[in-house]
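**Q** Input: one structure, supplied below.
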There are 2 protein chains.
Amino acid sequence: MKLSQRIQTCELSPMRKFHPLAVEAQAKGRKIYHLNIGQPDIATPELYFDAVRQFSSPVLAYAESPGIPSFLHAVQGYYNRLGAHYDESEILATTGGSEALSILMQCILDPGSEVLIPEPYYPNYATFIRAACGEIQPIPTSPEEGYHYADRAKIEPLIHENTRAILITNPSNPTGVILNAEERQLLLDIAMEHDLYLICDEVYREFTYNGEGLVTMGTMERGQDHLVIVDSVSKRFSACGARIGCLISKNKALMAEAMKFCQARLSVATLDQVAAAALYNVEQSYFDQVRQEYQRRRDTVMRKLHSIPNVTAKTPDGAFYLMAALPVDDADKFQAWLLTDFEDHGETVMFSPGHSFYATPGKGVNEIRIAYVLNEADLSRAMDLLALGIEAYQKTMK
Amino acid sequence: MKLSQRIQTCELSPMRKFHPLAVEAQAKGRKIYHLNIGQPDIATPELYFDAVRQFSSPVLAYAESPGIPSFLHAVQGYYNRLGAHYDESEILATTGGSEALSILMQCILDPGSEVLIPEPYYPNYATFIRAACGEIQPIPTSPEEGYHYADRAKIEPLIHENTRAILITNPSNPTGVILNAEERQLLLDIAMEHDLYLICDEVYREFTYNGEGLVTMGTMERGQDHLVIVDSVSKRFSACGARIGCLISKNKALMAEAMKFCQARLSVATLDQVAAAALYNVEQSYFDQVRQEYQRRRDTVMRKLHSIPNVTAKTPDGAFYLMAALPVDDADKFQAWLLTDFEDHGETVMFSPGHSFYATPGKGVNEIRIAYVLNEADLSRAMDLLALGIEAYQKTMK
């Protein structure tokens, strides 16, 4: 029995592939601090659970394929308040931002099509693109330049006839980079000039520490027909387990094709959509508190990182991740070792090894992505475990 | 901006593509009886809503990528009771049976790969296969032969080097055909002999009216490594809106590849998995009542169909669908007309036009699929509307 060639080019998620080793470590009584996955410890607003408890239909029926009206209306209203005006028909509910990306790639890629992505990037993009028979063309960046990628001279030489789209995450996972208004328009202009889609994953919109407030590409003047926004309630409302996202675009031809997939998979979970719609009524103070909390966490992580010898990292402006280069030979081996051979007072730590965040061979091997999603006490302990782990691992390297 | 070639070969769902016309008809005050979609009116067991209300974690977190342990355990126990013994690692939770099919096709099809499917078939299969760059090779059947397809002489000549799998629905949507034990083993033997996957969509397992009880391919003696079962809580527990299904196989290589997708899309909705696990505790009397109810509905539909002149249909043994050939030129046109031009006391009816259930061009044009998912009074009225509609439509054809 054959397996598809493209699935064999895909990898396990660097955020999740050490799960079996983690289970073994836990079985030995280890406590693990998780910096590997963007699972915030922030409480989901009670609005979600209230809506779920109040659901009173006796039949849990399929929802409408494009999404339930109350959810689409909530998303529309939220974007309106940001100054981006979408018709409800320009929004499709999806099973997380993940499904939005998966559907999108199926709609725009043929075998051999390329998608330009600044690297390092969210590794699951690679699976969605390869599943659709496409390939990643990385836009190289460097920590020395602050992972800057919105540069015509960097991007245009990479565009050729097989290029279909530019995919960015703003604010960025994993680098925390945030685009300014000029850079946002530049990317849309490049997309217009070369007839490409600009796919903007904006799921970390609320998490900015540069004082600029909430930003969406949906307010840009030119090029809206080229823009596709991927969004989700997962991070915004700390509701990752709801698996509710959306695909947003004014490109009618694209949305008509996406609807074919939405109909084929019938619908997104009904109860989660009802409850996700309710989340959009949360008060502003919720976001203010969450942002302040993450800013403190970011500062804690950076302070701790700076105290570890020979570690380099750039302070992120947004999202809740950062890339750090460690004085180890191979972050994959180091992570496995932390789970199998290391402990301090019965505790250890997980992060995401960096090489899967790069398409360029050899890059990121000694890097890790840290998700600063734990409370400050746990975060502080996790970073101390990282420091102790590096020190102990270096002795094994000799 | 280009769209992928394969998405352009996909169609809107025949079950859902008339939704915009239905919305218009409703805006004019029409009441619509829905025989177009497999959305039962049976109440979802309270166990589901109880579990949802009792969920007490303050953070709605991502679930484990393969599924939460309690759901996998519930599915394992259910199959054990049927005599099919799976390890929990041989079960992956998915967002409905739909996602199981989508992941599976991505894992086994390359551009140009073929999947053998008895036609008529569930039309969304075509989208999942085409999305994975594959093609359908139909196994022709006929109502005169009772839609029989488990026949070596019919299947083997269609197998060639690009064939990757045989996909069946047992009990069948849309024909209601049920395989006997000999036929089930025959299909697995063919899969073994030609090194193919046998994908068995068993989501209608509980809906059988031939007295045979619950059956799964998972109990067959030979060929388990070739078997992939697609399952779902949607129909079993009238919980379509939960979007909880699973992919089951003893083929370790396949399951390892499927895990890459499961990790890339992170997880299935947490609350729905918790509640779906609880559903597996429902009492046997629930299933007995539901089956009796559907058997009565089936008998009502058949009685009504037989009273309409020049309609042909075979009595289904399972699931809750049937195909019927109508004395109309084109079931697509007829459905549109029923929504735009027809009413009887302000009421009309929807079904699924048949041509999308066939890959062979020209087949099924005058056929429809009826989902007998309404209570008997509504079903009876819906069938009367169908009869009145046919009579009135025939006058417009002259």
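In the structure tokens, chains take letters A, B, ... by order of appearance, with residues numbered from 1 within each chain and ligands from 1 in the order shown.
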Please, which residues of chain A lie no more than 7 Å from chain B when the count uses only C-alpha atoms, and can they be set out as a compact mmCIF listing (two decimals) with N, CA and C atoms, in the first residue's frame?

**A**
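The resulting file, iface_6.txt, is reproduced below:
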```txt
# COMPACT_ATOMS: atom_id res chain seq x y z
N MET A 1 0.84 -1.20 0.00
CA MET A 1 0.00 0.00 0.00
C MET A 1 0.87 1.24 0.00
N LYS A 2 0.61 2.11 -0.94
CA LYS A 2 1.45 3.30 -1.06
C LYS A 2 0.97 4.43 -0.16
N LEU A 3 1.92 5.26 0.22
CA LEU A 3 1.61 6.50 0.93
C LEU A 3 1.93 7.64 -0.02
N SER A 4 1.26 8.76 0.14
CA SER A 4 1.49 9.86 -0.79
C SER A 4 2.90 10.42 -0.60
N GLN A 5 3.47 10.86 -1.71
CA GLN A 5 4.83 11.42 -1.63
C GLN A 5 4.85 12.66 -0.75
N ILE A 7 2.96 13.54 1.81
CA ILE A 7 2.86 13.36 3.27
C ILE A 7 4.21 12.90 3.81
N CYS A 10 6.32 15.74 4.78
CA CYS A 10 5.89 16.50 5.97
C CYS A 10 6.57 15.94 7.21
N GLU A 11 6.62 16.75 8.24
CA GLU A 11 7.24 16.34 9.51
C GLU A 11 6.21 16.38 10.63
N LEU A 12 6.53 15.68 11.69
CA LEU A 12 5.75 15.85 12.90
C LEU A 12 5.96 17.28 13.40
N SER A 13 5.01 17.80 14.12
CA SER A 13 5.11 19.15 14.63
C SER A 13 6.22 19.25 15.67
N ARG A 16 4.90 19.33 19.08
CA ARG A 16 4.18 18.19 19.63
C ARG A 16 4.91 16.85 19.49
N GLN A 39 -0.04 27.40 24.32
CA GLN A 39 -1.25 27.15 25.11
C GLN A 39 -1.21 28.05 26.34
N ASP A 41 -2.07 29.96 29.81
CA ASP A 41 -2.70 29.52 31.06
C ASP A 41 -3.77 30.52 31.51
N ILE A 42 -4.03 31.53 30.70
CA ILE A 42 -5.04 32.55 31.01
C ILE A 42 -6.43 31.91 30.98
N ALA A 43 -7.28 32.24 31.94
CA ALA A 43 -8.63 31.67 31.96
C ALA A 43 -9.43 32.13 30.74
N THR A 44 -10.17 31.20 30.16
CA THR A 44 -11.10 31.54 29.08
C THR A 44 -12.24 32.36 29.71
N ARG A 53 -23.55 26.52 28.47
CA ARG A 53 -24.53 25.99 29.44
C ARG A 53 -25.94 26.39 29.06
N PRO A 58 -32.69 20.83 21.58
CA PRO A 58 -32.60 19.41 21.92
C PRO A 58 -31.75 18.60 20.93
N VAL A 59 -31.59 19.13 19.72
CA VAL A 59 -30.79 18.43 18.71
C VAL A 59 -29.54 19.25 18.43
N LEU A 60 -28.38 18.63 18.60
CA LEU A 60 -27.12 19.30 18.26
C LEU A 60 -26.91 19.12 16.75
N ALA A 61 -27.48 20.03 15.99
CA ALA A 61 -27.51 19.88 14.53
C ALA A 61 -26.28 20.48 13.87
N TYR A 62 -26.04 20.06 12.60
CA TYR A 62 -25.04 20.73 11.77
C TYR A 62 -25.30 22.22 11.77
N ALA A 63 -24.24 22.99 11.73
CA ALA A 63 -24.37 24.44 11.52
C ALA A 63 -24.39 24.71 10.01
N SER A 98 -6.22 26.88 11.72
CA SER A 98 -5.60 25.76 11.00
C SER A 98 -6.42 25.36 9.78
N GLN A 106 -5.43 24.53 -0.37
CA GLN A 106 -6.08 23.66 -1.36
C GLN A 106 -6.65 24.50 -2.51
N CYS A 107 -7.10 25.69 -2.20
CA CYS A 107 -7.75 26.53 -3.22
C CYS A 107 -6.77 27.23 -4.14
N ILE A 108 -5.55 27.51 -3.67
CA ILE A 108 -4.68 28.36 -4.49
C ILE A 108 -3.42 27.67 -5.01
N LEU A 109 -3.11 26.46 -4.51
CA LEU A 109 -1.85 25.82 -4.94
C LEU A 109 -2.08 24.65 -5.88
N ASP A 110 -1.26 24.58 -6.91
CA ASP A 110 -1.18 23.41 -7.77
C ASP A 110 0.16 22.72 -7.46
N ASN A 124 3.77 24.54 11.15
CA ASN A 124 2.61 23.85 10.58
C ASN A 124 2.20 24.42 9.22
N THR A 127 3.22 21.97 6.58
CA THR A 127 2.35 20.81 6.35
C THR A 127 1.14 21.20 5.50
N ALA A 131 0.76 19.56 1.92
CA ALA A 131 -0.44 18.75 1.72
C ALA A 131 -1.16 19.20 0.44
N ARG A 164 2.58 31.81 -5.90
CA ARG A 164 1.13 32.08 -5.82
C ARG A 164 0.78 33.05 -4.70
N ASP A 195 0.51 40.00 -8.91
CA ASP A 195 -0.72 39.21 -8.96
C ASP A 195 -0.68 38.01 -8.01
N LEU A 196 -0.30 38.27 -6.78
CA LEU A 196 -0.21 37.23 -5.76
C LEU A 196 -1.28 37.45 -4.68
N TYR A 197 -1.59 36.39 -3.97
CA TYR A 197 -2.36 36.56 -2.74
C TYR A 197 -1.41 36.99 -1.63
N ALA A 239 -8.92 30.51 24.10
CA ALA A 239 -9.92 29.47 23.85
C ALA A 239 -9.41 28.53 22.75
N CYS A 240 -8.18 28.06 22.91
CA CYS A 240 -7.55 27.21 21.88
C CYS A 240 -8.36 25.95 21.61
N GLY A 241 -8.95 25.40 22.67
CA GLY A 241 -9.69 24.14 22.53
C GLY A 241 -11.04 24.29 21.85
N ALA A 242 -11.46 25.51 21.57
CA ALA A 242 -12.73 25.71 20.86
C ALA A 242 -12.59 25.34 19.39
N ARG A 243 -11.39 25.49 18.86
CA ARG A 243 -11.11 25.25 17.44
C ARG A 243 -12.06 26.06 16.56
N GLU A 257 -14.64 29.40 -4.19
CA GLU A 257 -13.96 28.09 -4.21
C GLU A 257 -13.85 27.55 -2.78
N LYS A 260 -16.69 25.53 -1.50
CA LYS A 260 -16.81 24.12 -1.88
C LYS A 260 -16.27 23.22 -0.77
N GLN A 263 -18.56 23.34 2.32
CA GLN A 263 -19.73 22.48 2.17
C GLN A 263 -19.34 21.01 2.26
N ALA A 264 -18.19 20.64 1.69
CA ALA A 264 -17.80 19.23 1.71
C ALA A 264 -17.59 18.73 3.14
N ARG A 265 -17.03 19.57 4.01
CA ARG A 265 -16.84 19.14 5.41
C ARG A 265 -18.04 19.51 6.26
N VAL A 268 -18.70 23.68 10.86
CA VAL A 268 -17.84 23.79 12.04
C VAL A 268 -18.72 23.49 13.26
N ALA A 269 -18.11 23.01 14.34
CA ALA A 269 -18.86 22.60 15.54
C ALA A 269 -19.84 23.69 15.99
N THR A 270 -21.06 23.29 16.21
CA THR A 270 -22.15 24.22 16.47
C THR A 270 -22.00 24.93 17.82
```

**Q** At a cut-off of 9 Å, using only C-alpha atoms, what residues contact region 287-298 of chain A? Leave out same-chain residues fewer than 5 positions from it and give the result as a PDB file with C-alpha atoms, in the first residue's frame.

**A**
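The new file around_29.pdb reads:
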```
ATOM      1  CA  ILE A  42      -5.040  32.554  31.011  1.00  0.00           C
ATOM      2  CA  GLU A 206      -4.181  41.539  20.575  1.00  0.00           C
ATOM      3  CA  PHE A 207      -0.676  40.729  21.772  1.00  0.00           C
ATOM      4  CA  THR A 208       1.415  43.858  21.069  1.00  0.00           C
ATOM      5  CA  TYR A 209       3.832  45.590  23.404  1.00  0.00           C
ATOM      6  CA  ARG A 236      -7.495  36.274  21.504  1.00  0.00           C
ATOM      7  CA  PHE A 237      -9.741  34.739  24.151  1.00  0.00           C
ATOM      8  CA  VAL A 282     -15.852  40.425  26.437  1.00  0.00           C
ATOM      9  CA  ARG A 303      15.924  38.984  31.692  1.00  0.00           C
ATOM     10  CA  THR A 315      13.159  41.152  22.382  1.00  0.00           C
ATOM     11  CA  PRO A 316       9.818  40.450  20.664  1.00  0.00           C
ATOM     12  CA  GLY A 318       4.276  41.070  19.811  1.00  0.00           C
ATOM     13  CA  ALA A 319       2.699  37.619  20.093  1.00  0.00           C
ATOM     14  CA  PHE A 320       4.086  35.458  22.921  1.00  0.00           C
ATOM     15  CA  TYR A 321       7.039  33.707  21.385  1.00  0.00           C
ATOM     16  CA  LEU A 322      10.684  34.331  20.755  1.00  0.00           C
ATOM     17  CA  TYR A 372       6.081  32.492  27.235  1.00  0.00           C
ATOM     18  CA  VAL A 373       2.634  31.287  28.181  1.00  0.00           C
ATOM     19  CA  LEU A 374       3.150  30.394  31.849  1.00  0.00           C
ATOM     20  CA  ASN A 375       2.589  32.521  34.923  1.00  0.00           C
ATOM     21  CA  GLU A 376       5.666  34.386  36.111  1.00  0.00           C
ATOM     22  CA  LEU A 379       8.089  30.867  33.753  1.00  0.00           C
ATOM     23  CA  SER A 380      10.942  31.880  35.993  1.00  0.00           C
TER      24      SER A 380
END
```

**Q** Quick one: pick out all helix (DSSP H, G or I) residues within region 59-292 of chain B from a backbone DSSP run and write them as number ranges by chain.

**A** B: 69-82, 88-90, 96-108, 124-131, 143-145, 152-158, 181-193, 217-219, 224-226, 240-242, 252-264, 270-279, 284-292

**Q** Just give me the gap between CA of Gln273 (chain A) and CA of Glu212 (chain A) in Å, one decimal is fine.

**A**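 Here the two named atoms are 29.8 Å from each other.
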
**Q** Report as number ranges by chain all protein, DNA and RNA residues lying within 12 Å of His73 (chain B), evaluated on only C-alpha atoms, omitting residues in the same chain fewer than 3 positions from it.

**A** B: 66-70, 76-80, 85-93, 273-274, 276-278, 280-281

**Q** Please save C-alpha atoms of the selected residues as a compact mmCIF listing (two decimals), in the first residue's frame.

**A**
```
# COMPACT_ATOMS: atom_id res chain seq x y z
CA PRO B 66 -4.56 12.15 18.57
CA GLY B 67 -7.66 12.85 20.68
CA ILE B 68 -8.40 13.04 24.39
CA PRO B 69 -7.86 9.76 26.28
CA SER B 70 -11.48 9.47 27.46
CA GLN B 76 -12.07 1.44 21.89
CA GLY B 77 -14.63 0.01 24.31
CA TYR B 78 -17.44 0.37 21.80
CA TYR B 79 -15.48 -1.57 19.15
CA ASN B 80 -14.47 -4.17 21.71
CA HIS B 85 -10.13 -5.11 19.12
CA TYR B 86 -8.12 -1.94 18.62
CA ASP B 87 -5.36 -0.43 20.63
CA GLU B 88 -5.98 3.24 21.51
CA SER B 89 -2.98 4.12 19.31
CA GLU B 90 -4.95 2.69 16.36
CA ILE B 91 -7.67 5.35 16.78
CA LEU B 92 -7.32 9.06 15.91
CA ALA B 93 -10.05 11.55 16.84
CA GLN B 273 -14.62 15.37 22.61
CA VAL B 274 -15.41 15.31 26.32
CA ALA B 276 -18.79 12.74 22.71
CA ALA B 277 -17.01 10.36 25.09
CA ALA B 278 -20.01 10.61 27.42
CA TYR B 280 -20.87 6.20 24.46
CA ASN B 281 -22.58 5.52 27.80
```

**Q** Pick out each residue of region 180-366 of chain A that DSSP on the backbone tags as strand (DSSP E or B); I need them as a PyMOL selection string.

**A** chain A and resi 197-201+208+227-232+245-249+312-313+318+321-325+344+347-350+352-353

**Q** Print the selection's residues with N, CA and C atoms to a file, as a CSV table (one decimal), in the first residue's frame.

**A**
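Written out: selection-v5.csv:
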```
chain,number,residue,atom,x,y,z
A,197,TYR,N,-1.6,36.4,-4.0
A,197,TYR,CA,-2.4,36.6,-2.7
A,197,TYR,C,-1.4,37.0,-1.6
A,198,LEU,N,-1.9,37.9,-0.8
A,198,LEU,CA,-1.1,38.1,0.5
A,198,LEU,C,-2.0,37.5,1.6
A,199,ILE,N,-1.4,36.5,2.2
A,199,ILE,CA,-2.2,35.8,3.3
A,199,ILE,C,-1.6,36.3,4.6
A,200,CYS,N,-2.4,36.9,5.4
A,200,CYS,CA,-2.0,37.5,6.6
A,200,CYS,C,-2.6,36.8,7.8
A,201,ASP,N,-1.8,36.1,8.6
A,201,ASP,CA,-2.3,35.3,9.7
A,201,ASP,C,-2.2,36.3,10.9
A,208,THR,N,0.4,42.9,21.5
A,208,THR,CA,1.4,43.9,21.1
A,208,THR,C,1.9,44.7,22.3
A,227,LEU,N,-5.9,40.4,-0.6
A,227,LEU,CA,-5.6,40.1,0.8
A,227,LEU,C,-6.5,38.9,1.3
A,228,VAL,N,-6.0,38.0,2.1
A,228,VAL,CA,-6.7,37.0,2.8
A,228,VAL,C,-6.3,37.0,4.2
A,229,ILE,N,-7.2,37.2,5.1
A,229,ILE,CA,-6.9,37.2,6.6
A,229,ILE,C,-7.2,35.9,7.2
A,230,VAL,N,-6.3,35.3,8.0
A,230,VAL,CA,-6.6,34.1,8.8
A,230,VAL,C,-6.7,34.6,10.2
A,231,ASP,N,-7.8,34.2,10.9
A,231,ASP,CA,-8.0,34.7,12.2
A,231,ASP,C,-8.5,33.5,13.1
A,232,SER,N,-8.6,33.7,14.4
A,232,SER,CA,-9.0,32.6,15.3
A,232,SER,C,-9.3,33.2,16.7
A,245,GLY,N,-12.0,29.4,14.1
A,245,GLY,CA,-11.3,30.5,13.4
A,245,GLY,C,-12.1,31.0,12.3
A,246,CYS,N,-11.5,31.8,11.4
A,246,CYS,CA,-12.2,32.2,10.2
A,246,CYS,C,-11.2,32.6,9.1
A,247,LEU,N,-11.7,32.6,7.9
A,247,LEU,CA,-11.0,33.0,6.7
A,247,LEU,C,-11.8,34.2,6.2
A,248,ILE,N,-11.0,35.3,5.9
A,248,ILE,CA,-11.7,36.5,5.6
A,248,ILE,C,-11.1,37.1,4.3
A,249,SER,N,-11.9,37.4,3.3
A,249,SER,CA,-11.3,38.0,2.1
A,249,SER,C,-12.4,38.7,1.3
A,312,THR,N,21.7,34.0,22.5
A,312,THR,CA,21.3,35.3,21.9
A,312,THR,C,19.8,35.2,21.5
A,313,ALA,N,19.1,36.4,21.7
A,313,ALA,CA,17.7,36.5,21.4
A,313,ALA,C,17.4,37.9,21.3
A,318,GLY,N,5.6,41.6,19.8
A,318,GLY,CA,4.3,41.1,19.8
A,318,GLY,C,4.2,39.6,19.9
A,321,TYR,N,6.0,34.6,21.7
A,321,TYR,CA,7.0,33.7,21.4
A,321,TYR,C,8.3,34.5,21.2
A,322,LEU,N,9.4,33.8,21.2
A,322,LEU,CA,10.7,34.3,20.8
A,322,LEU,C,11.6,33.2,20.3
A,323,MET,N,12.5,33.5,19.4
A,323,MET,CA,13.6,32.6,19.0
A,323,MET,C,14.8,32.9,19.8
A,324,ALA,N,15.5,31.9,20.2
A,324,ALA,CA,16.8,32.1,20.9
A,324,ALA,C,17.8,31.0,20.4
A,325,ALA,N,19.0,31.5,20.2
A,325,ALA,CA,20.1,30.6,19.8
A,325,ALA,C,20.9,30.2,21.1
A,344,ASP,N,15.9,18.4,37.6
A,344,ASP,CA,16.4,19.2,38.7
A,344,ASP,C,15.2,19.2,39.7
A,347,GLU,N,12.1,18.0,38.1
A,347,GLU,CA,11.5,18.9,37.1
A,347,GLU,C,12.3,19.0,35.9
A,348,THR,N,11.7,19.2,34.7
A,348,THR,CA,12.4,19.6,33.5
A,348,THR,C,11.5,20.5,32.6
A,349,VAL,N,12.0,20.8,31.4
A,349,VAL,CA,11.3,21.9,30.6
A,349,VAL,C,11.3,21.4,29.2
A,350,MET,N,10.2,21.9,28.5
A,350,MET,CA,10.1,21.7,27.0
A,350,MET,C,10.0,23.0,26.3
A,352,SER,N,10.3,24.3,21.7
A,352,SER,CA,10.3,23.8,20.3
A,352,SER,C,11.6,24.0,19.7
A,353,PRO,N,12.3,22.9,19.3
A,353,PRO,CA,13.5,23.0,18.6
A,353,PRO,C,13.4,23.8,17.3
```

**Q** To one decimal place in Å, what is the distance between CA of Gly176 (chain B) and CA of Ala22 (chain B)?

**A**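 About the pair CA of Gly176 (chain B) and CA of Ala22 (chain B): they are 26.9 Å apart.
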
**Q** Hey, what's within 12 Å of Leu158 (chain A) if we count only C-alpha atoms and toss same-chain stuff fewer than 6 positions away? As an NGL selection string, please?

**A** :A and (114-118 or 136-140 or 151-152 or 164-166 or 190 or 194)

**Q** Can you pull out every residue within 12 Å of Ile308 (chain A), counting only C-alpha atoms, but drop anything in the same chain fewer than 5 positions away, and send it as a ChimeraX atom specification?

**A** /A:301-303,313,324-327,383-391

**Q** Which polymer residues have any atom within 8 Å of an atom of Gln185 (chain B), counting only C-alpha atoms, with same-chain residues fewer than 6 positions away left out, as a PyMOL selection string?

**A** chain B and resi 220-222

**Q** Go ahead and write the selection's residues with C-alpha atoms as an mmCIF file, in the first residue's frame.

**A**
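Listed below is the output, part_2.cif:
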```
data_model
loop_
_atom_site.group_PDB
_atom_site.id
_atom_site.type_symbol
_atom_site.label_atom_id
_atom_site.label_comp_id
_atom_site.auth_asym_id
_atom_site.auth_seq_id
_atom_site.Cartn_x
_atom_site.Cartn_y
_atom_site.Cartn_z
ATOM 1 C CA MET B 220 -12.963 -9.705 9.556
ATOM 2 C CA GLU B 221 -10.307 -12.416 9.770
ATOM 3 C CA ARG B 222 -7.967 -11.463 6.947
#
```

**Q** Work out how far apart CA of Arg81 (chain B) and CA of Leu279 (chain B) are and give it in Å to one decimal.

**A**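 Those two atoms sit 15.3 Å apart.
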